[in-house]
>>> print(open('final25.txt').read())   # compact mmCIF, C-alpha atoms and all ligand atoms
# COMPACT_ATOMS: atom_id res chain seq x y z
CA MET A 1 -49.46 -14.34 -28.28
CA ASN A 2 -50.08 -11.88 -25.55
CA ARG A 3 -49.59 -8.31 -26.73
CA GLN A 4 -49.72 -6.86 -23.26
CA MET A 5 -46.98 -9.20 -22.11
CA CYS A 6 -44.86 -8.51 -25.16
CA ASP A 7 -45.06 -4.81 -24.43
CA GLN A 8 -43.28 -5.30 -21.11
CA LEU A 9 -40.06 -6.07 -22.88
CA VAL A 10 -38.64 -2.56 -22.43
CA ASP A 11 -39.27 -2.58 -18.72
CA TYR A 12 -37.96 -6.11 -18.42
CA PHE A 13 -34.77 -5.15 -20.22
CA ASN A 14 -34.30 -2.19 -17.90
CA GLY A 15 -35.10 -4.08 -14.71
CA GLN A 16 -38.18 -1.96 -14.08
CA LEU A 17 -40.58 -4.82 -13.39
CA SER A 18 -41.64 -5.94 -9.94
CA GLU A 19 -40.45 -9.38 -8.92
CA ILE A 20 -43.82 -10.93 -9.75
CA ASP A 21 -44.12 -9.22 -13.11
CA ASN A 22 -40.54 -10.14 -13.84
CA SER A 23 -41.07 -13.83 -13.33
CA SER A 24 -44.32 -13.87 -15.27
CA PHE A 25 -42.58 -12.08 -18.11
CA GLU A 26 -39.82 -14.68 -18.07
CA LYS A 27 -42.47 -17.39 -18.29
CA HIS A 28 -43.98 -15.53 -21.20
CA VAL A 29 -40.66 -15.24 -23.02
CA ALA A 30 -40.16 -18.98 -22.75
CA THR A 31 -43.20 -19.47 -24.96
CA CYS A 32 -43.16 -16.32 -27.10
CA GLU A 33 -40.87 -16.57 -30.06
CA GLU A 34 -41.30 -12.93 -30.96
CA CYS A 35 -40.02 -11.79 -27.56
CA GLN A 36 -37.15 -14.25 -27.68
CA ILE A 37 -35.99 -12.89 -31.02
CA GLU A 38 -36.48 -9.32 -29.93
CA LEU A 39 -34.60 -9.79 -26.66
CA ALA A 40 -31.70 -11.53 -28.39
CA GLU A 41 -31.60 -8.75 -30.93
CA TRP A 42 -31.62 -5.98 -28.31
CA LYS A 43 -28.88 -7.69 -26.39
CA ALA A 44 -26.76 -8.05 -29.51
CA LEU A 45 -27.41 -4.46 -30.56
CA THR A 46 -26.50 -3.03 -27.18
CA ASP A 47 -23.62 -5.41 -26.48
CA ASP A 48 -20.90 -2.95 -27.42
CA LEU A 49 -22.69 0.24 -26.38
CA PRO A 50 -20.77 0.50 -23.07
CA LEU A 51 -17.66 1.11 -25.15
CA VAL A 52 -18.85 4.59 -26.13
CA SER A 53 -17.89 5.58 -22.60
CA GLY A 54 -14.25 5.87 -23.65
CA SER A 55 -11.52 5.33 -21.12
CA MET A 56 -11.51 7.44 -18.00
CA THR A 57 -8.82 7.44 -15.39
CA PRO A 58 -10.34 6.14 -12.14
CA PRO A 59 -9.90 8.18 -8.95
CA GLU A 60 -6.63 7.73 -7.12
CA GLY A 61 -6.61 4.80 -4.74
CA MET A 62 -9.76 3.24 -6.15
CA LYS A 63 -8.14 -0.13 -6.69
CA GLU A 64 -7.09 -0.41 -3.05
CA ARG A 65 -10.48 0.68 -1.79
CA VAL A 66 -12.36 -1.70 -4.05
CA LEU A 67 -10.15 -4.73 -3.45
CA ASN A 68 -10.21 -4.10 0.28
CA ALA A 69 -13.99 -4.05 0.21
CA VAL A 70 -14.10 -7.19 -1.93
CA PHE A 71 -11.84 -9.17 0.37
CA GLU A 72 -13.15 -7.61 3.57
CA GLN A 73 -15.37 -10.50 4.55
CA GLU A 74 -12.75 -13.05 3.77
CA GLN A 75 -11.13 -15.08 6.49
CA ILE A 76 -7.54 -14.01 6.84
CA THR A 77 -5.29 -17.03 6.84
CA PRO A 78 -3.56 -16.94 10.19
CA ILE A 79 0.18 -16.66 10.06
CA THR A 80 2.36 -16.94 13.09
CA PRO A 81 4.45 -14.06 14.27
CA VAL A 82 7.78 -15.33 15.49
CA ALA A 83 8.59 -14.03 18.94
CA LEU A 84 11.72 -11.98 18.77
CA LYS A 85 14.29 -12.04 21.51
CA ASP A 86 15.11 -8.42 20.86
CA SER A 87 12.14 -7.21 18.96
CA ILE A 88 13.72 -4.18 17.38
CA THR A 89 17.27 -3.60 16.44
CA SER A 90 18.04 -0.02 15.73
CA ILE A 91 20.66 0.56 13.10
CA LYS A 92 23.07 3.40 13.60
CA LYS A 93 23.46 6.20 11.13
CA LYS A 94 25.70 6.01 8.07
CA LYS A 95 25.72 2.25 7.98
CA VAL A 96 25.32 1.20 4.37
CA PHE A 97 23.76 -2.06 3.29
CA PRO A 98 24.52 -3.61 -0.05
CA TRP A 99 20.85 -4.05 -0.97
CA LEU A 100 19.81 -0.52 -0.19
CA PRO A 101 20.76 1.18 -3.48
CA ALA A 102 18.92 -1.48 -5.48
CA LEU A 103 15.91 -1.17 -3.24
CA ALA A 104 15.98 2.59 -3.52
CA ALA A 105 15.99 2.29 -7.31
CA VAL A 106 13.00 -0.01 -7.24
CA LEU A 107 11.17 2.29 -4.89
CA MET A 108 11.79 5.25 -7.16
CA LEU A 109 10.02 3.35 -9.90
CA SER A 110 7.02 2.56 -7.79
CA VAL A 111 6.01 6.14 -7.17
CA GLY A 112 2.49 5.13 -8.13
CA ALA A 113 2.27 3.11 -4.96
CA ASN A 114 2.72 6.20 -2.87
CA ILE A 115 -0.14 7.09 -0.67
CA PHE A 116 0.39 10.04 1.58
CA LEU A 117 -1.16 10.35 4.99
CA ALA A 118 -3.35 13.19 3.82
CA SER A 119 -5.05 11.03 1.25
CA ILE A 120 -5.94 8.16 3.53
CA VAL A 121 -9.56 7.37 3.15
CA LYS A 122 -12.21 6.18 5.47
CA ASN A 123 -12.59 2.82 3.79
CA GLN A 124 -9.07 1.82 4.54
CA GLN A 125 -9.46 2.89 8.08
CA GLN A 126 -12.55 0.76 8.43
CA ASP A 127 -10.73 -2.12 6.87
CA ILE A 128 -8.01 -1.98 9.46
CA VAL A 129 -10.57 -1.56 12.20
CA ALA A 130 -12.20 -4.74 10.94
CA GLN A 131 -8.97 -6.60 11.50
CA SER A 132 -8.46 -5.32 15.01
CA GLU A 133 -11.41 -3.74 16.74
CA VAL A 134 -9.52 -1.45 19.08
CA VAL A 135 -7.64 0.52 16.49
CA ASP A 136 -7.60 4.24 17.06
CA GLN A 137 -5.90 5.87 14.17
CA LEU A 138 -4.47 4.87 10.85
CA LEU A 139 -1.18 6.66 10.29
CA ALA A 140 -0.17 5.21 6.96
CA TYR A 141 -1.33 2.70 4.45
CA VAL A 142 0.63 1.57 1.41
CA ASN A 143 0.62 -1.14 -1.23
CA LEU A 144 3.70 -3.30 -1.22
CA SER A 145 4.99 -3.85 -4.73
CA PRO A 146 6.93 -6.97 -5.70
CA VAL A 147 10.72 -6.52 -5.81
CA VAL A 148 12.06 -10.07 -6.10
CA GLY A 149 9.44 -12.67 -6.98
CA GLU A 150 5.68 -12.17 -7.05
CA ALA A 151 4.86 -11.35 -3.46
CA SER A 152 2.64 -8.35 -2.93
CA GLY A 153 0.49 -6.99 -0.17
CA THR A 154 -0.22 -3.97 1.96
CA ALA A 155 1.31 -2.41 5.04
CA SER A 156 -0.31 -0.05 7.51
CA ILE A 157 0.95 1.77 10.53
CA VAL A 158 -1.70 2.13 13.16
CA LYS A 159 -1.67 4.17 16.34
CA HIS A 160 -3.35 2.31 19.15
CA GLY A 161 -3.32 4.44 22.27
CA ASP A 162 0.37 4.81 23.01
CA GLU A 163 1.28 1.84 20.93
CA THR A 164 2.30 1.88 17.32
CA ARG A 165 1.44 -1.20 15.35
CA VAL A 166 2.46 -2.39 11.95
CA VAL A 167 -0.06 -4.47 10.03
CA VAL A 168 1.29 -6.38 7.06
CA GLN A 169 -0.88 -8.34 4.71
CA ALA A 170 0.84 -10.42 2.05
CA ASN A 171 0.15 -12.93 -0.66
CA SER A 172 2.17 -14.98 -3.15
CA LEU A 173 5.07 -15.20 -0.71
CA PRO A 174 7.82 -17.66 -1.65
CA LYS A 175 7.91 -20.96 0.23
CA LEU A 176 10.03 -21.07 3.35
CA SER A 177 12.44 -23.86 4.08
CA ASN A 178 14.26 -24.86 7.28
CA ASP A 179 14.63 -21.85 9.54
CA GLU A 180 13.72 -19.28 6.93
CA VAL A 181 11.37 -16.46 7.89
CA TYR A 182 9.96 -13.30 6.40
CA GLN A 183 10.99 -10.06 8.01
CA VAL A 184 9.33 -6.69 7.94
CA TRP A 185 11.63 -3.68 7.88
CA LEU A 186 10.84 -0.08 8.48
CA ILE A 187 13.33 2.23 6.89
CA ASP A 188 14.15 5.82 7.72
CA GLU A 189 17.12 7.99 6.94
CA ASN A 190 19.17 5.96 9.41
CA GLY A 191 18.59 2.69 7.61
CA PRO A 192 16.36 -0.32 8.18
CA ILE A 193 14.85 -1.32 11.49
CA ARG A 194 13.46 -4.76 12.01
CA ALA A 195 9.75 -4.43 12.77
CA GLY A 196 8.88 -8.08 13.01
CA THR A 197 9.34 -11.58 11.74
CA PHE A 198 6.70 -14.00 10.56
CA LYS A 199 6.14 -17.35 8.93
CA SER A 200 3.33 -18.66 6.82
CA ASP A 201 2.58 -22.12 5.52
CA SER A 202 0.08 -20.89 2.98
CA GLN A 203 2.30 -18.13 1.53
CA GLU A 204 -0.30 -15.53 2.42
CA GLY A 205 -2.02 -13.87 5.35
CA ALA A 206 -1.82 -10.93 7.68
CA VAL A 207 0.22 -10.21 10.74
CA VAL A 208 0.31 -7.44 13.34
CA PHE A 209 3.43 -6.23 15.15
CA THR A 210 3.60 -3.82 18.03
CA LEU A 211 6.59 -1.51 17.95
CA PRO A 212 8.36 -0.61 21.17
CA GLU A 213 7.62 2.83 22.56
CA GLY A 214 9.63 5.81 21.46
CA ILE A 215 10.38 4.48 18.02
CA ASP A 216 10.68 7.22 15.44
CA GLN A 217 7.66 7.38 13.18
CA ASP A 218 9.15 9.21 10.23
CA TRP A 219 9.52 6.11 8.16
CA THR A 220 10.26 6.65 4.52
CA GLN A 221 9.95 3.06 3.35
CA VAL A 222 8.72 -0.33 4.36
CA ALA A 223 10.03 -3.63 3.01
CA VAL A 224 9.53 -7.34 3.54
CA SER A 225 12.50 -9.64 3.01
CA HIS A 226 13.11 -13.37 2.92
CA GLU A 227 15.68 -14.22 5.59
CA PRO A 228 17.71 -17.38 6.23
CA ASN A 229 16.56 -17.32 9.86
CA GLU A 230 15.00 -15.07 12.43
CA GLU A 231 18.35 -13.83 13.63
CA SER A 232 19.02 -11.41 10.77
CA LYS A 233 19.51 -7.99 12.25
CA THR A 234 20.01 -6.42 8.90
CA PRO A 235 18.41 -7.70 5.71
CA LEU A 236 20.53 -10.57 4.39
CA GLY A 237 18.14 -12.19 1.98
CA ASN A 238 16.07 -10.97 -0.95
CA VAL A 239 13.73 -8.04 -0.55
CA LEU A 240 10.39 -9.47 -1.66
CA MET A 241 8.26 -6.38 -1.70
CA ALA A 242 8.49 -2.77 -0.66
CA SER A 243 6.92 0.64 -0.80
CA ASN A 244 7.59 4.25 0.02
CA PHE A 245 5.44 5.92 2.60
CA MET O 1 0.97 -9.17 -17.64
CA ASP O 2 -1.10 -12.29 -17.07
CA LYS O 3 -2.09 -13.75 -20.42
CA SER O 4 -4.81 -16.04 -19.07
CA THR O 5 -8.18 -15.71 -20.74
CA ASP O 6 -11.09 -14.22 -18.86
CA SER O 7 -12.73 -17.64 -18.59
CA GLN O 8 -9.59 -19.20 -17.17
CA LEU O 9 -9.31 -16.40 -14.65
CA TYR O 10 -12.97 -16.71 -13.76
CA VAL O 11 -12.46 -20.40 -12.90
CA ARG O 12 -9.64 -19.36 -10.58
CA ILE O 13 -11.81 -16.65 -9.04
CA ARG O 14 -14.40 -19.31 -8.22
CA ASP O 15 -11.62 -21.10 -6.35
CA LYS O 16 -11.12 -17.88 -4.38
CA ASP O 17 -7.86 -17.00 -6.07
CA LYS O 18 -7.29 -13.38 -5.13
CA VAL O 19 -4.53 -12.92 -7.65
CA ALA O 20 -6.90 -13.92 -10.45
CA LEU O 21 -9.46 -11.41 -9.23
CA GLU O 22 -6.82 -8.74 -9.22
CA VAL O 23 -5.79 -9.59 -12.79
CA ILE O 24 -9.43 -9.32 -13.91
CA TYR O 25 -9.73 -6.11 -11.93
CA ASP O 26 -6.72 -4.59 -13.65
CA ARG O 27 -8.02 -5.72 -17.01
CA TYR O 28 -11.47 -4.20 -16.57
CA GLU O 29 -11.03 -1.39 -14.06
CA ARG O 30 -11.08 1.40 -16.62
CA LEU O 31 -13.80 -0.05 -18.77
CA VAL O 32 -16.15 -0.75 -15.87
CA TYR O 33 -15.39 2.58 -14.23
CA SER O 34 -15.82 4.56 -17.43
CA PHE O 35 -19.10 2.86 -18.22
CA ALA O 36 -20.39 3.30 -14.67
CA TYR O 37 -19.39 6.95 -14.87
CA ARG O 38 -21.14 7.28 -18.20
CA MET O 39 -24.27 5.80 -16.62
CA THR O 40 -24.28 7.73 -13.34
CA GLN O 41 -22.30 10.81 -14.36
CA ASN O 42 -20.98 10.92 -10.84
CA ALA O 43 -17.49 9.85 -9.74
CA GLN O 44 -18.53 8.54 -6.32
CA MET O 45 -21.47 6.56 -7.67
CA ALA O 46 -19.23 5.19 -10.40
CA GLU O 47 -16.68 4.01 -7.86
CA ASP O 48 -19.40 2.49 -5.68
CA THR O 49 -20.67 0.66 -8.74
CA VAL O 50 -17.21 -0.72 -9.53
CA GLN O 51 -16.97 -1.93 -5.95
CA GLU O 52 -20.39 -3.55 -6.08
CA VAL O 53 -19.63 -5.29 -9.36
CA PHE O 54 -16.39 -6.82 -8.11
CA ILE O 55 -17.96 -7.86 -4.82
CA GLU O 56 -20.65 -9.65 -6.84
CA LEU O 57 -18.00 -11.24 -8.99
CA TRP O 58 -16.10 -12.47 -5.93
CA ARG O 59 -19.14 -13.72 -4.06
CA GLU O 60 -20.72 -15.27 -7.11
CA HIS O 61 -24.22 -14.11 -6.49
CA SER O 62 -24.84 -14.28 -10.20
CA PRO O 63 -22.30 -16.74 -11.53
CA TYR O 64 -20.96 -16.42 -15.04
CA THR O 65 -21.13 -19.31 -17.47
CA GLU O 66 -19.92 -19.29 -21.05
CA ASP O 67 -23.44 -19.75 -22.39
CA LYS O 68 -24.12 -16.23 -21.12
CA GLY O 69 -21.89 -14.88 -23.87
CA LYS O 70 -18.57 -13.12 -23.58
CA PHE O 71 -17.31 -12.52 -20.07
CA SER O 72 -16.79 -8.84 -20.85
CA SER O 73 -20.41 -8.44 -22.01
CA TRP O 74 -21.65 -10.19 -18.91
CA LEU O 75 -19.51 -7.96 -16.69
CA LEU O 76 -20.76 -4.85 -18.46
CA THR O 77 -24.39 -5.94 -18.20
CA MET O 78 -23.81 -6.35 -14.49
CA THR O 79 -22.24 -2.88 -14.44
CA ARG O 80 -25.25 -1.43 -16.20
CA ASN O 81 -27.72 -3.08 -13.82
CA THR O 82 -25.71 -2.02 -10.80
CA SER O 83 -25.49 1.56 -12.05
CA LEU O 84 -29.23 1.65 -12.68
CA ASP O 85 -29.89 0.29 -9.19
CA ALA O 86 -27.66 2.98 -7.73
CA LEU O 87 -29.47 5.68 -9.68
CA ARG O 88 -32.85 4.33 -8.60
CA LYS O 89 -31.84 4.17 -4.96
CA LYS O 90 -30.77 7.77 -5.07
CA GLY O 91 -33.90 8.72 -6.99
CA LYS O 92 -31.58 10.19 -9.57
CA GLN O 93 -32.62 8.24 -12.58
CA GLN O 94 -34.64 11.14 -13.91
CA GLU O 95 -31.99 13.70 -13.18
CA VAL O 96 -29.09 12.43 -15.20
CA GLY O 97 -28.53 14.87 -18.02
CA LEU O 98 -28.54 13.96 -21.66
CA LEU O 99 -25.06 13.71 -23.05
CA GLU O 100 -24.69 15.63 -26.25
CA LYS O 101 -21.63 13.78 -27.31
CA ASP O 102 -19.29 11.19 -25.87
CA THR O 103 -15.75 12.34 -25.59
CA GLU O 104 -12.57 10.45 -25.96
CA GLN O 105 -10.49 10.26 -22.82
CA MET O 106 -7.28 8.38 -22.95
CA ARG O 107 -4.60 9.89 -20.83
CA ALA O 108 -2.62 6.92 -19.68
CA PRO O 109 0.22 5.69 -21.86
CA ILE O 110 -0.93 2.82 -24.06
CA ASP O 111 1.53 0.32 -22.63
CA GLN O 112 -0.06 0.65 -19.20
CA LEU O 113 -3.47 -0.29 -20.47
CA PRO O 114 -4.92 -3.75 -20.87
CA GLU O 115 -4.32 -5.30 -24.26
CA GLN O 116 -7.97 -5.25 -25.21
CA MET O 117 -8.10 -1.52 -24.59
CA LEU O 118 -7.05 -0.81 -28.17
CA GLU O 119 -9.85 -2.94 -29.53
CA TRP O 120 -12.32 -1.34 -27.13
CA LYS O 121 -11.10 2.09 -28.06
CA GLU O 122 -11.54 1.42 -31.74
CA LYS O 123 -15.00 -0.07 -31.29
CA GLY O 124 -15.92 2.81 -29.03
CA SER O 125 -14.95 5.44 -31.54
CA ILE O 126 -16.92 3.65 -34.30
CA LEU O 127 -19.90 3.51 -31.96
CA ARG O 128 -19.63 7.18 -31.10
CA LYS O 129 -19.56 8.10 -34.78
CA SER O 130 -22.55 5.87 -35.44
CA LEU O 131 -24.50 7.37 -32.55
CA GLU O 132 -23.79 10.84 -33.85
CA ARG O 133 -25.20 9.89 -37.22
CA LEU O 134 -28.56 9.04 -35.69
CA LYS O 135 -31.33 11.58 -35.85
CA VAL O 136 -31.63 13.51 -32.61
CA GLU O 137 -34.89 11.77 -31.61
CA GLN O 138 -33.32 8.38 -32.16
CA ARG O 139 -30.18 9.26 -30.30
CA THR O 140 -32.27 10.56 -27.42
CA ILE O 141 -34.34 7.43 -27.19
CA VAL O 142 -31.20 5.25 -27.14
CA GLU O 143 -29.85 7.48 -24.41
CA LEU O 144 -32.98 7.32 -22.27
CA PHE O 145 -33.55 3.65 -22.85
CA TYR O 146 -30.05 2.25 -22.59
CA PHE O 147 -27.98 4.69 -20.57
CA HIS O 148 -30.71 5.99 -18.29
CA GLY O 149 -32.58 2.70 -18.17
CA LEU O 150 -35.91 4.50 -17.92
CA SER O 151 -39.23 2.68 -17.91
CA GLN O 152 -41.41 2.65 -20.98
CA GLU O 153 -43.75 5.07 -19.27
CA SER O 154 -41.05 7.57 -18.31
CA ILE O 155 -39.70 7.55 -21.84
CA SER O 156 -43.21 8.17 -23.18
CA THR O 157 -43.70 11.11 -20.79
CA LYS O 158 -40.27 12.57 -21.37
CA LEU O 159 -40.47 12.49 -25.12
CA ASP O 160 -44.19 13.15 -25.21
CA ILE O 161 -44.91 10.14 -27.41
CA PRO O 162 -47.68 7.52 -27.03
CA LEU O 163 -46.78 4.70 -24.63
CA GLY O 164 -47.61 2.11 -27.26
CA THR O 165 -44.94 3.42 -29.62
CA VAL O 166 -41.98 3.43 -27.24
CA LYS O 167 -40.93 -0.13 -27.91
CA SER O 168 -41.09 0.14 -31.69
CA ARG O 169 -39.17 3.41 -31.61
CA ILE O 170 -36.43 1.85 -29.53
CA ARG O 171 -36.27 -1.05 -31.95
CA LEU O 172 -36.06 1.30 -34.91
CA ALA O 173 -33.35 3.42 -33.31
CA LEU O 174 -31.28 0.35 -32.48
CA GLN O 175 -31.66 -0.99 -35.99
CA HIS O 176 -30.53 2.30 -37.46
CA LEU O 177 -27.62 2.31 -35.10
CA ARG O 178 -26.66 -1.11 -36.39
CA LYS O 179 -26.82 0.09 -40.00
CA HIS O 180 -24.52 3.01 -39.21
CA LEU O 181 -22.19 0.68 -37.39
CA GLU O 182 -22.01 -1.67 -40.34
CA LYS O 183 -21.27 1.24 -42.61
CA GLU O 184 -18.56 2.55 -40.29
CA ARG O 185 -17.00 -0.86 -40.11
CA GLY O 186 -17.26 -1.17 -43.86
CA ILE O 187 -19.09 -4.46 -43.70
CA SER O 188 -21.86 -3.54 -46.11
CA PRO O 189 -20.90 -0.23 -47.72
CA ASN O 190 -23.38 -0.60 -50.56
CA GLU O 191 -26.43 -1.24 -48.49
CA PRO O 192 -28.92 1.57 -49.11
CA SER O 193 -29.72 3.65 -46.11
CA ASP O 194 -33.27 4.43 -45.17
CA VAL O 195 -32.34 7.11 -42.68
ZN ZN B 301 -43.98 -11.82 -26.30
>>> encode(input="final25.txt", output="structure tokens", more="lines below")
Ligand SMILES: [Zn+2]
Amino acid sequence: MNRQMCDQLVDYFNGQLSEIDNSSFEKHVATCEECQIELAEWKALTDDLPLVSGSMTPPEGMKERVLNAVFEQEQITPITPVALKDSITSIKKKKVFPWLPALAAVLMLSVGANIFLASIVKNQQQDIVAQSEVVDQLLAYVNLSPVVGEASGTASIVKHGDETRVVVQANSLPKLSNDEVYQVWLIDENGPIRAGTFKSDSQEGAVVFTLPEGIDQDWTQVAVSHEPNEESKTPLGNVLMASNF
Amino acid sequence: MDKSTDSQLYVRIRDKDKVALEVIYDRYERLVYSFAYRMTQNAQMAEDTVQEVFIELWREHSPYTEDKGKFSSWLLTMTRNTSLDALRKKGKQQEVGLLEKDTEQMRAPIDQLPEQMLEWKEKGSILRKSLERLKVEQRTIVELFYFHGLSQESISTKLDIPLGTVKSRIRLALQHLRKHLEKERGISPNEPSDV
């Protein structure tokens, strides 16, 4: 038995040993029964100690920031934007769509997903910059909550010089068949406007759309729907996920 | 809510299943954050720690296997080490104040919390009571050793006790803590106390 070695147990437990001392202590433990018992005992005795911390409410937006950072280095599965013949169809005022009340109800429930422009944090901005290096300014960033099915994701509106771009990231999208596509809708008081259409074989990925100039930026909601084909000028299929801005 | 076990989810995380990571995140967000906050006593450092822990989990720098014990214990050990690293990097390890008493904080409605939260909450309150029953010197040494992660030497200096006695005092404090815990849990109510 080596008393001096045994006495390093505290510093070993607390990660205070240099790399060399650490590995020689580990060698020591392998042969020192006393240290093995003591270490096992200390681990068992401290196992539940973290629970004294109680349950604190994390800062607002922490989940988004953390998950963005976690997935940051990941390769984004490419999904193909479908070229639109008329990329944006503006809907005139007062036109009512059968799915809107239901969507509105869902959106009311997902108040937690609200992130206002004022609270946009640097991390998210960097995250968007990482996707497209020439981004100038992040105007909005929201989490898309599932409406029908399990799809979820994020949507951002990014100002790039004079251009306004919509970045949608999605996962757990339902499978597409035949001519089916996913469509991104931006909604303001006048109703939904088609921001872009995309397809994905892997049911996940990210896509960037550029909006035509002069498009109103006071969007209140964003939604992604599952459409029978790319021709839908108003949402015909299920709304998969949505969020308020 | 996803009913998969932690181990099942971990297998999916190793297959780069983002949904599984998110389920684990939701399950442990509060616990990891609260513990990191308890360790660093700083909201930003606590959030950075949470981020670091989940990045590690995703990138598998220190993979979990069932022989390492419960997944939750493994995750919390990682949280502790990451918090201590953060404190060391900032040179703040010596500055963190001694907490007189841990307080209960549970503002969110129960149904929004992970299932295990009730169990954690109960264990936590038993632990808090047991810690409070310790003599001040013993509580302080647990605090400096476990929550501040100080070296043997720093503990000796801080408490003005001989270096050679630090380890045995920690051991004694932990053993007393266990006795109080057993009493609180009612496992061995008749065991005589030597405190
Ligand atoms: Zn030994």
>>> interface_residues(input="final25.txt", of="chain O", to="chain A", cutoff="7 Å", atoms="all atoms listed in the file", output="PyMOL selection string")
chain O and resi 30-31+33-35+38+51+54-55+58+73+102-106+120-121+123-125+127-128+149-152+167+174+178
>>> residues_around(input="final25.txt", residues="Ser177 (chain A)", least_positions_apart="5", cutoff="12 Å", atoms="all atoms listed in the file", output="ChimeraX atom specification")
/A:182,199-201,203,226-229
>>> residues_near_ligand(input="final25.txt", ligand="ligand ZN 301 (chain B)", cutoff="6 Å", atoms="only C-alpha atoms and all ligand atoms", output="MDAnalysis selection string")
chainID A and resid 5:6 29 32 34:35
>>> residues_near_point(input="final25.txt", point="(-2.1, -6.5, 1.1)", cutoff="10 Å", atoms="all atoms listed in the file", output="ChimeraX atom specification")
/A:64,67-68,141-145,151-156,167-171,204-206
>>> write_last_selection(input="final25.txt", atoms="C-alpha atoms", output="PDB file, keeping the file's coordinate frame")
ATOM      1  CA  GLU A  64      -7.090  -0.410  -3.050  1.00  0.00           C
ATOM      2  CA  LEU A  67     -10.150  -4.730  -3.450  1.00  0.00           C
ATOM      3  CA  ASN A  68     -10.210  -4.100   0.280  1.00  0.00           C
ATOM      4  CA  TYR A 141      -1.330   2.700   4.450  1.00  0.00           C
ATOM      5  CA  VAL A 142       0.630   1.570   1.410  1.00  0.00           C
ATOM      6  CA  ASN A 143       0.620  -1.140  -1.230  1.00  0.00           C
ATOM      7  CA  LEU A 144       3.700  -3.300  -1.220  1.00  0.00           C
ATOM      8  CA  SER A 145       4.990  -3.850  -4.730  1.00  0.00           C
ATOM      9  CA  ALA A 151       4.860 -11.350  -3.460  1.00  0.00           C
ATOM     10  CA  SER A 152       2.640  -8.350  -2.930  1.00  0.00           C
ATOM     11  CA  GLY A 153       0.490  -6.990  -0.170  1.00  0.00           C
ATOM     12  CA  THR A 154      -0.220  -3.970   1.960  1.00  0.00           C
ATOM     13  CA  ALA A 155       1.310  -2.410   5.040  1.00  0.00           C
ATOM     14  CA  SER A 156      -0.310  -0.050   7.510  1.00  0.00           C
ATOM     15  CA  VAL A 167      -0.060  -4.470  10.030  1.00  0.00           C
ATOM     16  CA  VAL A 168       1.290  -6.380   7.060  1.00  0.00           C
ATOM     17  CA  GLN A 169      -0.880  -8.340   4.710  1.00  0.00           C
ATOM     18  CA  ALA A 170       0.840 -10.420   2.050  1.00  0.00           C
ATOM     19  CA  ASN A 171       0.150 -12.930  -0.660  1.00  0.00           C
ATOM     20  CA  GLU A 204      -0.300 -15.530   2.420  1.00  0.00           C
ATOM     21  CA  GLY A 205      -2.020 -13.870   5.350  1.00  0.00           C
ATOM     22  CA  ALA A 206      -1.820 -10.930   7.680  1.00  0.00           C
TER      23      ALA A 206
END
>>> atom_distance(input="final25.txt", atom1="CA of Trp74 (chain O)", atom2="CA of Leu144 (chain O)")
21.1 Å
